[in-house]
Amino acid sequence: MKVKFFAHYREYTGAKEIDIKNCKTIGELLKKLSEIYGEKLSKEFFDGESLSSRVIVLVNGRNIVHLQNLNTPLNDDDEISLFPVVAGGL
């Protein structure tokens, strides 16, 4: 599957996108990415065992909060996009 990183996640990973295999759920994928890229990224993805409010995760353009959250199943041909939540305004 293709994993795309946006904003400062690209700095944490040194990549815009990577290919990764053998992850059956979003939770498994995020744990694998945390193992590869370290604690800084892990803190962006998780609050304890729950999905952090600092990350937006899309699977084929659909937000996982509208799917099965961390239990959202994955296939090898899926595209996952990871965005940090950004606050802004005046």
# chains A, B, ... in the order shown; residues from 1 in each chain; ligands from 1
>>> residues_around(residues="range 61-77 of chain A", least_positions_apart="4", cutoff="10 Å", atoms="only C-alpha atoms", output="ChimeraX atom specification")
/A:1-2,19-30,49-51,56-57,81
>>> residues_around(residues="Val3 in chain A", least_positions_apart="6", cutoff="9 Å", atoms="only C-alpha atoms", output="CSV table (one decimal) with all heavy atoms, in the first residue's frame")
chain,number,residue,atom,x,y,z
A,16,LYS,N,8.0,11.8,1.1
A,16,LYS,CA,6.6,12.3,0.8
A,16,LYS,C,5.7,11.1,0.8
A,16,LYS,O,4.5,11.2,1.1
A,16,LYS,CB,6.6,12.9,-0.6
A,16,LYS,CG,7.2,14.3,-0.6
A,16,LYS,CD,7.1,14.9,-2.0
A,16,LYS,CE,7.7,16.3,-2.0
A,16,LYS,NZ,7.5,16.9,-3.3
A,17,GLU,N,6.2,9.9,0.3
A,17,GLU,CA,5.4,8.7,0.3
A,17,GLU,C,6.3,7.5,0.4
A,17,GLU,O,7.5,7.6,0.0
A,17,GLU,CB,4.4,8.6,-0.9
A,17,GLU,CG,5.1,8.5,-2.2
A,17,GLU,CD,4.1,8.5,-3.3
A,17,GLU,OE1,3.2,9.4,-3.4
A,17,GLU,OE2,4.1,7.6,-4.1
A,18,ILE,N,5.7,6.4,0.9
A,18,ILE,CA,6.5,5.1,0.9
A,18,ILE,C,5.5,4.0,0.5
A,18,ILE,O,4.2,4.2,0.6
A,18,ILE,CB,7.1,4.8,2.3
A,18,ILE,CG1,6.0,4.7,3.4
A,18,ILE,CG2,8.1,5.9,2.7
A,18,ILE,CD1,6.5,4.1,4.7
A,19,ASP,N,6.0,2.9,0.2
A,19,ASP,CA,5.2,1.7,0.0
A,19,ASP,C,5.5,0.8,1.2
A,19,ASP,O,6.6,0.6,1.6
A,19,ASP,CB,5.6,1.0,-1.3
A,19,ASP,CG,5.1,1.7,-2.5
A,19,ASP,OD1,3.9,2.2,-2.5
A,19,ASP,OD2,5.9,1.9,-3.5
A,20,ILE,N,4.4,0.2,1.7
A,20,ILE,CA,4.5,-0.7,2.8
A,20,ILE,C,3.6,-1.9,2.6
A,20,ILE,O,2.5,-1.7,2.0
A,20,ILE,CB,4.3,0.1,4.1
A,20,ILE,CG1,4.9,-0.6,5.3
A,20,ILE,CG2,2.9,0.4,4.4
A,20,ILE,CD1,5.2,0.3,6.5
A,78,ASP,N,-4.4,-0.2,-1.2
A,78,ASP,CA,-5.0,1.1,-0.6
A,78,ASP,C,-3.9,2.2,-0.6
A,78,ASP,O,-2.7,2.0,-0.7
A,78,ASP,CB,-5.4,0.8,0.8
A,78,ASP,CG,-6.7,0.0,0.9
A,78,ASP,OD1,-7.4,0.0,-0.1
A,78,ASP,OD2,-6.9,-0.6,2.0
A,79,GLU,N,-4.5,3.4,-0.6
A,79,GLU,CA,-3.7,4.6,-0.4
A,79,GLU,C,-4.0,5.3,0.9
A,79,GLU,O,-5.2,5.6,1.1
A,79,GLU,CB,-3.9,5.6,-1.6
A,79,GLU,CG,-3.0,6.8,-1.5
A,79,GLU,CD,-3.2,7.7,-2.7
A,79,GLU,OE1,-2.6,7.4,-3.8
A,79,GLU,OE2,-3.9,8.7,-2.6
A,80,ILE,N,-3.1,5.5,1.7
A,80,ILE,CA,-3.3,6.1,3.0
A,80,ILE,C,-2.6,7.4,3.1
A,80,ILE,O,-1.4,7.5,2.7
A,80,ILE,CB,-2.7,5.2,4.2
A,80,ILE,CG1,-3.5,3.8,4.3
A,80,ILE,CG2,-2.8,5.9,5.5
A,80,ILE,CD1,-3.0,2.8,3.3
A,81,SER,N,-3.3,8.4,3.5
A,81,SER,CA,-2.8,9.8,3.6
A,81,SER,C,-2.8,10.2,5.1
A,81,SER,O,-3.8,10.0,5.7
A,81,SER,CB,-3.7,10.8,2.8
A,81,SER,OG,-3.7,10.4,1.4
A,82,LEU,N,-1.7,10.7,5.5
A,82,LEU,CA,-1.6,11.1,6.9
A,82,LEU,C,-1.3,12.6,7.0
A,82,LEU,O,-0.3,13.1,6.5
A,82,LEU,CB,-0.4,10.4,7.6
A,82,LEU,CG,-0.5,8.9,7.6
A,82,LEU,CD1,0.8,8.2,8.0
A,82,LEU,CD2,-1.7,8.4,8.4
>>> residues_around(residues="range 43-47 of chain A", least_positions_apart="2", cutoff="9 Å", atoms="only C-alpha atoms", output="number ranges by chain")
A: 9, 30-31, 34, 38-41, 49-56, 84
>>> atom_distance(atom1="CA of Gly48 in chain A", atom2="CA of Tyr12 in chain A")
20.0 Å
>>> select_by_dssp(residues="chain A", states="strand (DSSP E or B)", output="PyMOL selection string")
chain A and resi 2-5+17-19+25+46-47+50-51+55-59+62-63+73+79-84
>>> write_last_selection(atoms="C-alpha atoms", output="CSV table (one decimal), in the first residue's frame")
chain,number,residue,atom,x,y,z
A,2,LYS,CA,1.1,3.6,-0.6
A,3,VAL,CA,1.4,5.8,2.5
A,4,LYS,CA,1.6,9.6,1.8
A,5,PHE,CA,2.9,12.0,4.4
A,17,GLU,CA,5.4,8.7,0.3
A,18,ILE,CA,6.5,5.1,0.9
A,19,ASP,CA,5.2,1.7,0.0
A,25,THR,CA,-5.5,-2.5,9.9
A,46,PHE,CA,-1.4,7.8,19.4
A,47,ASP,CA,-2.8,8.9,22.8
A,50,SER,CA,-6.2,5.5,21.0
A,51,LEU,CA,-5.9,7.5,17.9
A,55,VAL,CA,-3.6,13.3,13.1
A,56,ILE,CA,-6.1,12.9,10.2
A,57,VAL,CA,-5.9,9.5,8.5
A,58,LEU,CA,-7.6,8.9,5.1
A,59,VAL,CA,-7.9,5.5,3.4
A,62,ARG,CA,-12.1,8.5,3.4
A,63,ASN,CA,-11.5,9.6,6.9
A,73,PRO,CA,-9.1,-2.9,7.4
A,79,GLU,CA,-3.7,4.6,-0.4
A,80,ILE,CA,-3.3,6.1,3.0
A,81,SER,CA,-2.8,9.8,3.6
A,82,LEU,CA,-1.6,11.1,6.9
A,83,PHE,CA,-2.1,14.8,7.8
A,84,PRO,CA,-1.4,16.7,11.0
